[in-house]
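Asker: So that you have it, the file is structure.txt, and it contains compact mmCIF, C-alpha atoms and all ligand atoms:
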```txt
# COMPACT_ATOMS: atom_id res chain seq x y z
CA MET A 1210 3.34 1.22 -2.38
CA SER A 1211 5.57 -1.36 -4.02
CA LEU A 1212 6.22 -1.36 -7.75
CA SER A 1213 3.64 -3.10 -9.93
CA ASN A 1214 4.35 -6.62 -11.11
CA ALA A 1215 4.52 -5.35 -14.70
CA ARG A 1216 7.19 -2.81 -13.74
CA ILE A 1217 9.18 -5.42 -11.79
CA LYS A 1218 9.11 -7.79 -14.76
CA ALA A 1219 10.20 -5.01 -17.11
CA LEU A 1220 13.16 -4.10 -14.90
CA VAL A 1221 14.32 -7.68 -14.28
CA ARG A 1222 13.95 -8.48 -17.98
CA ARG A 1223 16.17 -5.54 -18.86
CA TRP A 1224 18.97 -6.58 -16.50
CA LYS A 1225 21.83 -8.43 -18.16
CA ILE A 1226 24.36 -10.44 -16.17
CA GLU A 1227 27.78 -11.45 -17.48
CA VAL A 1228 29.05 -15.00 -17.01
CA PRO A 1229 32.74 -15.91 -16.66
CA SER A 1230 34.43 -18.14 -19.23
CA TRP A 1231 36.41 -19.80 -16.42
CA ALA A 1232 33.32 -21.22 -14.75
CA PHE A 1233 32.84 -23.65 -17.62
CA GLY A 1234 36.33 -25.15 -17.68
CA ASP A 1235 37.90 -27.40 -15.08
CA GLY A 1236 38.97 -25.52 -11.98
CA GLY A 1237 39.21 -26.34 -8.33
CA THR A 1238 41.08 -25.58 -5.19
CA ARG A 1239 44.82 -25.38 -4.77
CA PHE A 1240 44.72 -28.92 -3.37
CA LYS A 1241 43.14 -30.68 -6.31
CA VAL A 1242 41.41 -30.06 -9.60
CA PHE A 1243 38.76 -32.74 -10.11
CA ARG A 1244 38.04 -33.20 -13.79
CA GLN A 1245 34.39 -33.14 -14.75
CA LYS A 1246 33.05 -35.09 -17.68
CA GLY A 1247 32.02 -32.72 -20.42
CA ALA A 1248 33.78 -29.65 -18.96
CA ALA A 1249 34.78 -27.14 -21.63
CA ARG A 1250 38.35 -27.61 -22.76
CA ASN A 1251 38.88 -24.35 -24.62
CA LEU A 1252 37.25 -20.98 -25.26
CA ARG A 1253 35.12 -22.31 -28.11
CA GLU A 1254 33.52 -24.85 -25.77
CA LYS A 1255 33.20 -22.32 -22.95
CA LEU A 1256 31.28 -20.08 -25.33
CA GLN A 1257 29.05 -22.98 -26.36
CA ASP A 1258 28.17 -23.56 -22.72
CA ALA A 1259 27.63 -19.86 -22.08
CA ALA A 1260 25.31 -19.77 -25.11
CA ILE A 1261 23.14 -22.49 -23.55
CA VAL A 1262 22.90 -20.53 -20.31
CA HIS A 1263 21.82 -17.48 -22.28
CA GLN A 1264 19.34 -19.41 -24.43
CA LEU A 1265 17.62 -20.77 -21.33
CA THR A 1266 17.71 -17.66 -19.13
CA GLY A 1267 17.68 -14.86 -21.71
CA ALA A 1268 19.77 -12.89 -19.22
CA THR A 1269 23.45 -13.58 -19.95
CA PRO A 1270 24.46 -12.28 -23.37
CA SER A 1271 28.11 -11.59 -22.57
CA VAL A 1272 31.07 -13.59 -21.35
CA ALA A 1273 34.03 -12.32 -19.31
CA VAL A 1274 37.39 -13.72 -20.41
CA HIS A 1275 40.73 -14.29 -18.70
CA ALA A 1276 43.42 -13.21 -21.16
CA LEU A 1277 46.02 -15.94 -20.75
CA TRP A 1278 43.55 -18.76 -20.09
CA ASP A 1279 41.28 -18.05 -23.03
CA PHE A 1280 43.29 -16.86 -26.00
CA ALA A 1281 45.74 -19.74 -26.10
CA ASP A 1282 44.03 -21.54 -28.99
CA MET A 1283 41.75 -18.87 -30.41
CA SER A 1284 42.72 -15.35 -31.43
CA PRO A 1285 40.70 -12.43 -30.06
CA ASP A 1286 39.23 -11.83 -33.54
CA GLU A 1287 38.15 -15.45 -33.87
CA ALA A 1288 36.72 -15.40 -30.36
CA ARG A 1289 34.75 -12.22 -31.07
CA ASP A 1290 33.30 -13.71 -34.26
CA TYR A 1291 32.54 -17.07 -32.70
CA ALA A 1292 30.82 -15.37 -29.76
CA ARG A 1293 28.70 -13.35 -32.16
CA GLU A 1294 27.72 -16.47 -34.13
CA SER A 1295 26.68 -18.02 -30.82
CA GLY A 1296 24.43 -15.09 -29.93
CA LEU A 1297 26.92 -13.68 -27.42
CA SER A 1298 29.51 -10.96 -27.05
CA LEU A 1299 32.74 -10.89 -25.09
CA GLY A 1300 32.65 -8.78 -21.96
CA ALA A 1301 35.24 -7.83 -19.37
CA VAL A 1302 38.83 -8.73 -20.19
CA ASN A 1303 40.65 -10.01 -17.10
CA PRO A 1304 44.44 -9.82 -17.27
CA THR A 1305 46.16 -12.91 -15.88
CA LEU A 1306 48.85 -11.44 -13.64
CA PHE A 1307 49.73 -14.56 -11.69
CA GLU A 1308 50.85 -18.12 -12.43
CA GLN A 1309 54.12 -17.17 -14.12
CA PRO A 1310 57.48 -17.60 -12.40
CA GLU A 1311 58.35 -13.91 -12.74
CA TYR A 1312 55.41 -13.03 -10.49
CA ARG A 1313 56.74 -14.73 -7.39
CA PHE A 1314 56.93 -11.40 -5.56
CA GLY A 1315 54.04 -9.78 -7.39
CA SER A 1316 53.25 -8.27 -10.78
CA ILE A 1317 52.94 -4.49 -11.03
CA GLY A 1318 53.64 -4.27 -7.29
CA SER A 1319 56.74 -6.43 -7.46
CA PRO A 1320 60.09 -5.04 -6.28
CA GLU A 1321 61.59 -6.63 -9.43
CA LYS A 1322 61.57 -4.47 -12.51
CA ALA A 1323 61.45 -7.41 -14.92
CA ALA A 1324 58.21 -8.61 -13.31
CA ARG A 1325 56.70 -5.14 -13.39
CA ASP A 1326 57.61 -4.67 -17.04
CA LYS A 1327 56.13 -8.02 -17.99
CA ALA A 1328 52.92 -7.28 -16.10
CA LEU A 1329 52.54 -3.82 -17.57
CA ALA A 1330 53.11 -5.17 -21.08
CA HIS A 1331 50.40 -7.79 -20.45
CA LEU A 1332 47.98 -5.15 -19.20
CA LEU A 1333 48.59 -3.06 -22.30
CA ASP A 1334 48.11 -6.19 -24.46
CA CYS A 1335 44.77 -6.62 -22.73
CA VAL A 1336 43.77 -3.10 -23.78
CA GLU A 1337 44.55 -4.16 -27.38
CA ILE A 1338 42.48 -7.31 -26.90
CA MET A 1339 39.60 -5.18 -25.62
CA ALA A 1340 39.64 -3.15 -28.81
CA ARG A 1341 39.63 -6.34 -30.90
CA VAL A 1342 36.80 -8.06 -29.04
CA ARG A 1343 34.87 -4.78 -28.50
CA SER A 1344 35.05 -5.05 -24.74
CA ARG A 1345 34.43 -1.99 -22.63
CA ALA A 1346 35.86 -3.23 -19.32
CA LEU A 1347 39.35 -4.12 -18.18
CA SER A 1348 38.81 -6.00 -14.94
CA VAL A 1349 42.00 -5.96 -12.89
CA TRP A 1350 42.62 -8.19 -9.92
CA LEU A 1351 46.16 -8.40 -8.55
CA ALA A 1352 47.45 -11.45 -6.75
CA ASP A 1353 50.18 -9.14 -5.45
CA GLY A 1354 51.15 -8.79 -1.84
CA THR A 1355 53.55 -10.08 0.78
CA ASN A 1356 53.60 -13.13 3.00
CA HIS A 1357 55.83 -11.90 5.80
CA PRO A 1358 56.09 -8.72 7.84
CA GLY A 1359 59.05 -6.72 6.57
CA GLN A 1360 59.22 -8.64 3.29
CA ASP A 1361 58.81 -5.45 1.27
CA ASP A 1362 58.18 -1.75 1.75
CA LEU A 1363 54.39 -1.39 1.82
CA ARG A 1364 54.41 2.23 0.66
CA ALA A 1365 56.76 1.46 -2.21
CA ARG A 1366 54.50 -1.39 -3.33
CA ARG A 1367 51.52 0.93 -3.32
CA ARG A 1368 53.32 3.51 -5.43
CA ARG A 1369 54.41 0.92 -7.98
CA VAL A 1370 50.86 -0.30 -8.35
CA ALA A 1371 49.54 3.24 -8.69
CA GLU A 1372 52.12 4.12 -11.33
CA ALA A 1373 51.32 1.12 -13.53
CA LEU A 1374 47.55 1.49 -13.19
CA LYS A 1375 47.77 5.11 -14.25
CA ILE A 1376 49.63 4.15 -17.43
CA VAL A 1377 47.01 1.50 -18.21
CA HIS A 1378 44.15 3.87 -17.43
CA ASP A 1379 45.56 6.48 -19.80
CA ALA A 1380 45.89 3.88 -22.56
CA LEU A 1381 42.14 3.13 -22.48
CA ALA A 1382 39.81 4.56 -25.12
CA PRO A 1383 37.30 7.09 -23.72
CA ASP A 1384 34.47 4.55 -23.63
CA MET A 1385 36.50 1.91 -21.80
CA THR A 1386 36.70 1.49 -18.05
CA LEU A 1387 39.26 0.08 -15.66
CA LEU A 1388 37.63 -1.90 -12.86
CA LEU A 1389 39.85 -2.47 -9.87
CA GLU A 1390 39.00 -5.46 -7.68
CA TYR A 1391 40.18 -5.65 -4.08
CA LYS A 1392 40.79 -8.75 -2.01
CA LEU A 1393 41.77 -9.07 1.61
CA PHE A 1394 43.90 -12.19 1.31
CA GLU A 1395 45.22 -14.92 -0.96
CA PRO A 1396 47.55 -15.82 -2.48
CA ALA A 1397 49.46 -13.34 -0.31
CA PHE A 1398 48.56 -13.70 3.34
CA TYR A 1399 50.32 -10.97 5.27
CA SER A 1400 49.36 -8.05 3.02
CA THR A 1401 47.67 -7.71 -0.35
CA ASP A 1402 48.43 -4.69 -2.48
CA VAL A 1403 44.76 -3.81 -2.95
CA PRO A 1404 43.19 -5.19 0.24
CA ASP A 1405 39.89 -3.34 0.52
CA TRP A 1406 37.46 -0.92 -1.06
CA GLY A 1407 39.20 2.12 0.43
CA ALA A 1408 42.57 1.19 -1.03
CA ALA A 1409 40.92 0.46 -4.38
CA TYR A 1410 39.02 3.75 -4.25
CA LEU A 1411 42.19 5.78 -3.66
CA LEU A 1412 44.03 4.04 -6.49
CA CYS A 1413 41.10 4.61 -8.85
CA LYS A 1414 40.89 8.28 -7.91
CA ALA A 1415 44.59 8.66 -8.65
CA CYS A 1416 44.09 7.03 -12.07
CA GLY A 1417 41.33 9.29 -13.37
CA PRO A 1418 37.72 9.23 -14.55
CA ARG A 1419 37.78 5.85 -16.28
CA ALA A 1420 38.67 3.88 -13.15
CA SER A 1421 36.23 2.58 -10.56
CA VAL A 1422 35.99 -0.11 -7.93
CA LEU A 1423 34.79 -3.70 -8.41
CA VAL A 1424 33.22 -5.48 -5.45
CA ASP A 1425 33.65 -9.26 -5.33
CA LEU A 1426 31.38 -10.77 -2.70
CA GLY A 1427 34.01 -13.34 -1.70
CA HIS A 1428 36.79 -10.90 -0.91
CA HIS A 1429 35.88 -9.56 2.52
CA ALA A 1430 36.54 -10.45 6.12
CA GLN A 1431 33.79 -12.24 8.00
CA GLY A 1432 31.23 -9.84 9.37
CA VAL A 1433 31.99 -7.00 6.97
CA ASN A 1434 28.86 -5.10 5.99
CA ILE A 1435 29.11 -5.44 2.21
CA GLU A 1436 25.85 -3.59 1.55
CA GLN A 1437 27.27 -0.55 3.28
CA ILE A 1438 30.37 -0.68 1.07
CA VAL A 1439 28.05 -0.89 -1.92
CA ALA A 1440 26.04 2.08 -0.67
CA THR A 1441 29.19 4.15 -0.12
CA LEU A 1442 30.74 3.40 -3.51
CA ALA A 1443 27.46 3.91 -5.35
CA ASP A 1444 26.93 7.22 -3.57
CA GLU A 1445 30.39 8.32 -4.71
CA ARG A 1446 29.64 7.03 -8.25
CA MET A 1447 32.71 4.82 -7.84
CA LEU A 1448 31.04 1.43 -7.98
CA GLY A 1449 32.07 0.14 -11.39
CA GLY A 1450 31.52 -3.58 -11.21
CA PHE A 1451 30.39 -6.58 -9.26
CA HIS A 1452 31.53 -10.18 -8.94
CA PHE A 1453 28.74 -12.38 -7.64
CA ASN A 1454 29.39 -15.60 -5.76
CA SER A 1455 28.83 -16.93 -2.29
CA ARG A 1456 31.44 -17.68 0.33
CA LYS A 1457 31.69 -19.21 3.73
CA TYR A 1458 35.30 -18.54 4.60
CA ALA A 1459 37.14 -17.56 1.51
CA ASP A 1460 36.95 -16.97 -2.18
CA ASP A 1461 34.45 -17.24 -4.91
CA ASP A 1462 33.44 -20.81 -5.44
CA LEU A 1463 29.78 -21.27 -4.55
CA THR A 1464 26.66 -20.36 -6.47
CA THR A 1465 25.56 -16.90 -5.55
CA GLY A 1466 22.70 -16.85 -3.06
CA SER A 1467 23.43 -20.35 -1.81
CA LEU A 1468 24.82 -19.47 1.62
CA ASN A 1469 23.76 -15.99 2.57
CA PRO A 1470 20.63 -15.06 0.61
CA HIS A 1471 19.57 -12.38 3.07
CA GLU A 1472 22.89 -10.59 2.69
CA LEU A 1473 22.48 -10.77 -1.07
CA PHE A 1474 19.00 -9.29 -0.73
CA LEU A 1475 20.32 -6.39 1.37
CA ILE A 1476 23.00 -5.74 -1.25
CA PHE A 1477 20.35 -5.65 -3.97
CA ASN A 1478 18.29 -3.37 -1.80
CA GLU A 1479 21.16 -0.85 -1.85
CA LEU A 1480 21.72 -1.29 -5.58
CA VAL A 1481 18.04 -0.61 -6.24
CA ALA A 1482 18.02 2.36 -3.85
CA ALA A 1483 21.07 3.80 -5.65
CA GLY A 1484 19.34 3.18 -8.99
CA GLY A 1485 16.97 6.03 -8.13
CA GLY A 1486 13.78 4.41 -9.44
CA LYS A 1487 15.34 3.28 -12.72
CA GLY A 1488 16.26 -0.23 -11.57
CA LEU A 1489 19.73 -1.27 -10.54
CA TYR A 1490 22.58 1.14 -10.14
CA PRO A 1491 24.44 0.95 -13.48
CA ALA A 1492 27.57 -1.21 -13.19
CA ALA A 1493 29.20 -4.22 -14.83
CA TYR A 1494 27.46 -7.15 -13.14
CA VAL A 1495 29.45 -10.35 -13.53
CA ILE A 1496 29.24 -13.78 -11.93
CA ASP A 1497 32.68 -14.90 -10.75
CA GLN A 1498 32.48 -18.54 -9.76
CA SER A 1499 34.54 -21.62 -10.32
CA HIS A 1500 32.71 -24.87 -9.72
CA ASN A 1501 34.48 -27.82 -8.29
CA VAL A 1502 31.95 -30.46 -7.21
CA GLU A 1503 28.73 -29.11 -8.72
CA PRO A 1504 27.82 -29.40 -12.42
CA LYS A 1505 29.06 -26.18 -13.97
CA ILE A 1506 26.27 -25.23 -16.36
CA GLU A 1507 23.57 -26.04 -13.82
CA ALA A 1508 25.40 -23.96 -11.21
CA MET A 1509 25.54 -21.02 -13.57
CA ILE A 1510 21.84 -21.22 -14.45
CA LEU A 1511 20.92 -21.46 -10.79
CA SER A 1512 23.08 -18.45 -9.98
CA VAL A 1513 21.33 -16.38 -12.63
CA MET A 1514 17.93 -17.43 -11.28
CA ASN A 1515 18.98 -16.61 -7.70
CA LEU A 1516 20.19 -13.18 -8.79
CA GLN A 1517 16.99 -12.39 -10.67
CA ALA A 1518 14.92 -13.49 -7.68
CA MET A 1519 16.90 -11.27 -5.29
CA TYR A 1520 16.62 -8.33 -7.64
CA ALA A 1521 12.85 -8.84 -7.91
CA ARG A 1522 12.55 -9.01 -4.13
CA ALA A 1523 14.54 -5.80 -3.73
CA LEU A 1524 12.19 -4.16 -6.24
CA ARG A 1525 9.30 -5.24 -4.01
CA VAL A 1526 10.58 -3.10 -1.13
CA ASP A 1527 7.96 -0.46 -0.38
CA ARG A 1528 10.36 2.50 -0.44
CA ALA A 1529 7.81 5.08 0.68
CA ALA A 1530 6.85 2.93 3.68
CA LEU A 1531 10.55 2.42 4.46
CA ARG A 1532 11.23 6.16 4.36
CA GLU A 1533 8.19 6.82 6.54
CA ALA A 1534 9.28 4.24 9.13
CA GLN A 1535 12.76 5.75 9.12
CA ARG A 1536 11.31 9.25 9.58
CA ARG A 1537 9.29 8.05 12.58
CA ARG A 1538 12.41 6.29 13.99
CA ASP A 1539 10.37 3.09 13.84
CA VAL A 1540 13.32 0.73 13.83
CA LEU A 1541 11.38 -2.53 13.70
CA GLY A 1542 8.74 -1.15 11.37
CA ALA A 1543 11.52 -0.34 8.88
CA GLU A 1544 12.98 -3.78 9.24
CA ARG A 1545 9.57 -5.34 8.66
CA VAL A 1546 9.25 -3.45 5.37
CA LEU A 1547 12.47 -5.14 4.22
CA GLN A 1548 11.40 -8.51 5.60
CA ALA A 1549 8.08 -8.38 3.76
CA ALA A 1550 9.90 -7.93 0.47
CA TYR A 1551 12.55 -10.53 1.27
CA GLU A 1552 9.95 -13.13 2.21
CA SER A 1553 7.70 -12.46 -0.76
CA ASP A 1554 7.44 -15.22 -3.34
CA VAL A 1555 8.71 -13.92 -6.66
CA ALA A 1556 8.90 -17.31 -8.39
CA PRO A 1557 5.46 -17.05 -10.08
CA LEU A 1558 6.26 -13.55 -11.33
CA LEU A 1559 9.59 -14.60 -12.80
CA ALA A 1560 8.09 -17.71 -14.37
CA GLU A 1561 5.46 -15.49 -15.99
CA MET A 1562 8.14 -13.09 -17.23
CA ARG A 1563 10.05 -15.95 -18.82
CA ARG A 1564 6.93 -17.38 -20.45
CA GLU A 1565 6.15 -13.98 -21.93
CA ASP A 1566 9.68 -13.92 -23.34
CA GLY A 1567 9.39 -17.38 -24.88
CA LEU A 1568 11.78 -18.83 -22.30
CA PRO A 1569 11.30 -21.90 -20.12
CA PRO A 1570 9.64 -20.82 -16.85
CA ASP A 1571 12.23 -22.84 -14.92
CA PRO A 1572 15.53 -22.72 -16.84
CA PHE A 1573 17.24 -25.07 -14.38
CA GLU A 1574 14.69 -27.84 -14.91
CA ALA A 1575 14.65 -27.16 -18.63
CA TYR A 1576 18.40 -27.70 -18.73
CA ARG A 1577 18.08 -30.94 -16.77
CA ARG A 1578 15.47 -32.16 -19.22
CA SER A 1579 17.62 -31.22 -22.22
CA ASP A 1580 20.18 -33.51 -23.74
CA TYR A 1581 23.02 -30.97 -23.55
CA ALA A 1582 24.87 -32.42 -20.55
CA ARG A 1583 24.88 -35.92 -22.02
CA LYS A 1584 25.91 -34.56 -25.41
CA ILE A 1585 29.00 -32.74 -24.13
CA GLU A 1586 29.95 -35.71 -21.94
CA ARG A 1587 29.91 -37.86 -25.07
CA GLU A 1588 31.67 -35.37 -27.31
CA ARG A 1589 34.31 -33.88 -25.02
CA THR A 1590 36.44 -36.80 -24.11
C1 LIG B 1 40.38 -13.66 -7.64
O1 LIG B 1 40.08 -14.38 -6.50
C2 LIG B 1 39.20 -13.48 -8.55
O2 LIG B 1 38.07 -13.10 -7.81
C3 LIG B 1 39.47 -12.48 -9.64
O3 LIG B 1 38.28 -11.85 -10.05
C4 LIG B 1 39.95 -13.35 -10.74
O4 LIG B 1 39.90 -12.73 -11.96
C5 LIG B 1 38.97 -14.51 -10.60
O5 LIG B 1 38.88 -14.69 -9.19
C6 LIG B 1 39.33 -15.79 -11.27
O6 LIG B 1 40.41 -16.41 -10.65
MN MN B 2 36.52 -11.82 -8.64
```
Is it possible to give me this structure as structure tokens?
Ligand code: PSV
Ligand code: MN

Answerer:
Amino acid sequence: MSLSNARIKALVRRWKIEVPSWAFGDGGTRFKVFRQKGAARNLREKLQDAAIVHQLTGATPSVAVHALWDFADMSPDEARDYARESGLSLGAVNPTLFEQPEYRFGSIGSPEKAARDKALAHLLDCVEIMARVRSRALSVWLADGTNHPGQDDLRARRRRVAEALKIVHDALAPDMTLLLEYKLFEPAFYSTDVPDWGAAYLLCKACGPRASVLVDLGHHAQGVNIEQIVATLADERMLGGFHFNSRKYADDDLTTGSLNPHELFLIFNELVAAGGGKGLYPAAYVIDQSHNVEPKIEAMILSVMNLQAMYARALRVDRAALREAQRRRDVLGAERVLQAAYESDVAPLLAEMRREDGLPPDPFEAYRRSDYARKIERERT
């Protein structure tokens, strides 16, 4: 038996997804940043855009921030208050450990002490910012690594990273977490200091109980079974966070669910299985996207809708039938249980859920019908 529609609506309704401040400002590839009319120019405007996404979807009450990008013209206190006035809160604080000249050879993994000191000071500043904005998650991604074989001692790099992360971990309040995000490549191309989930797991273990791994969908080699990584980390209670996006070859630029919806479904299937009947496995679920050619607010709304639809489909999996097929070694029967859920139409159910919550049944169309895009194009010149 699958869950009832009422139960599925209750679980999806309860799930909150964090949006990233950086999705609303101009971003792009390393070749060119194309400016978009109406794109947010500062944190205040990013929060305004995030508030619209939340008003229309009812699902995105918090906003992840990037420390150096976002607090240039607004203090953390002002940002916290402005977010609250906009019906939002600030979520994960992302240190910005790249972009500055000192980080040429890395940040906390750098062979240069001045770079390491600067990076550690920034990480500790971020812990202060977290306290100010009432954030519970420090979301660390390192651009660190090497470009050439022999460029640096790989074991020494690892130890430097471990040492700094431990200091940061120990500076966190008991209810704060350190989420460590791995990435196979870019901007370093020979080695990255935290290349995969195993490396991240070991570093987190060495830090202590407040550290866990963050999985970004864009950060794996082609063909990697991400749902199995999710299952492993969840089983170890070491899955702390998620960055949703969709990727063909590389990083995190496309709306989640746009390229590989079946993979996303299988990931949700594991998250629901690990949730043990109570919905999704508890973690910090964040969208990490940066939109270049597509309208940013629309892309964010669509991503939220795609995520809710995949979650609803994963909740439709008949778990008893799946277990039974597995027990009978009925390989294709088991696959058909998953297929039935994946192919089921959840749009009417989600539209009904939104109507019950006083939300537009199709937030994407509601946004298109609204005047918001034209208004910001006029105002943000
Ligand atoms: C790096 O590629 C990453 O996924 C990290 O999460 C950063 O914080 C984010 O993208 C924004 O650049
Ligand atoms: Mn990410």

Asker: At a cut-off of 8 Å, can you tabulate as a Markdown table every residue of chain A near ligand MN 2 (chain B) together with its closest atom pair and the distance in Å to one decimal, using all atoms listed in the file and ordering rows by chain then number?

Answerer:
```
| residue | atom | partner | partner_atom | distance |
| --- | --- | --- | --- | --- |
| A:Trp1350 | CA | B:MN2 | MN | 7.2 |
| A:Glu1390 | CA | B:MN2 | MN | 6.9 |
| A:Val1424 | CA | B:MN2 | MN | 7.8 |
| A:Asp1425 | CA | B:MN2 | MN | 5.1 |
| A:Leu1426 | CA | B:MN2 | MN | 7.9 |
| A:Gly1427 | CA | B:MN2 | MN | 7.5 |
| A:His1428 | CA | B:MN2 | MN | 7.8 |
| A:His1452 | CA | B:MN2 | MN | 5.3 |
| A:Phe1453 | CA | B:MN2 | MN | 7.9 |
| A:Asp1461 | CA | B:MN2 | MN | 6.9 |
| A:Asp1497 | CA | B:MN2 | MN | 5.4 |
| A:Gln1498 | CA | B:MN2 | MN | 7.9 |
```

Asker: Find the smallest box with edges along x, y and z containing every listed atom of ligand LIG 1 (chain B), then add 4 Å on each side and report centre and edge lengths in Å to one decimal, as JSON.

Answerer:
```
{"center_x": 39.2, "center_y": -14.1, "center_z": -9.2, "size_x": 10.3, "size_y": 12.6, "size_z": 13.5}
```

Asker: Near His1429 (chain A), counting all atoms listed in the file, which residues have an atom at most 12 Å away, once you skip same-chain residues fewer than 6 positions from it, shown as a list of chain:residue names?

Answerer: A:Glu1390, A:Tyr1391, A:Lys1392, A:Leu1393, A:Phe1394, A:Glu1395, A:Val1403, A:Pro1404, A:Asp1405, A:Trp1406, A:Ile1435, A:Glu1436, A:Ile1438, A:Ser1455, A:Arg1456, A:Lys1457, A:Tyr1458, A:Ala1459, A:Asp1460, A:Asp1461

Asker: Please determine, counting only C-alpha atoms, which residue among A:Ala1276, A:Met1385, A:Leu1412, A:Leu1252 has the shortest atom-to-atom distance to Val1302 (chain A).

Answerer: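 Comparing A:Ala1276, A:Met1385, A:Leu1412, A:Leu1252 against Val1302 (chain A), the winner is A:Ala1276.
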
Asker: Hey, what's within 9 Å of Leu1511 (chain A) if we count only C-alpha atoms and toss same-chain stuff fewer than 5 positions away? As number ranges by chain, please?

Answerer: A: 1464-1465, 1506, 1516, 1572-1573

Asker: Hey, can you check how far CA of Thr1269 (chain A) sits from CA of Asp1554 (chain A)?

Answerer: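 Those two atoms sit 23.1 Å apart.
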
Asker: State, in Å with one decimal place, the distance from CA of Ala1443 (chain A) to CA of Ala1483 (chain A).

Answerer: 6.4 Å
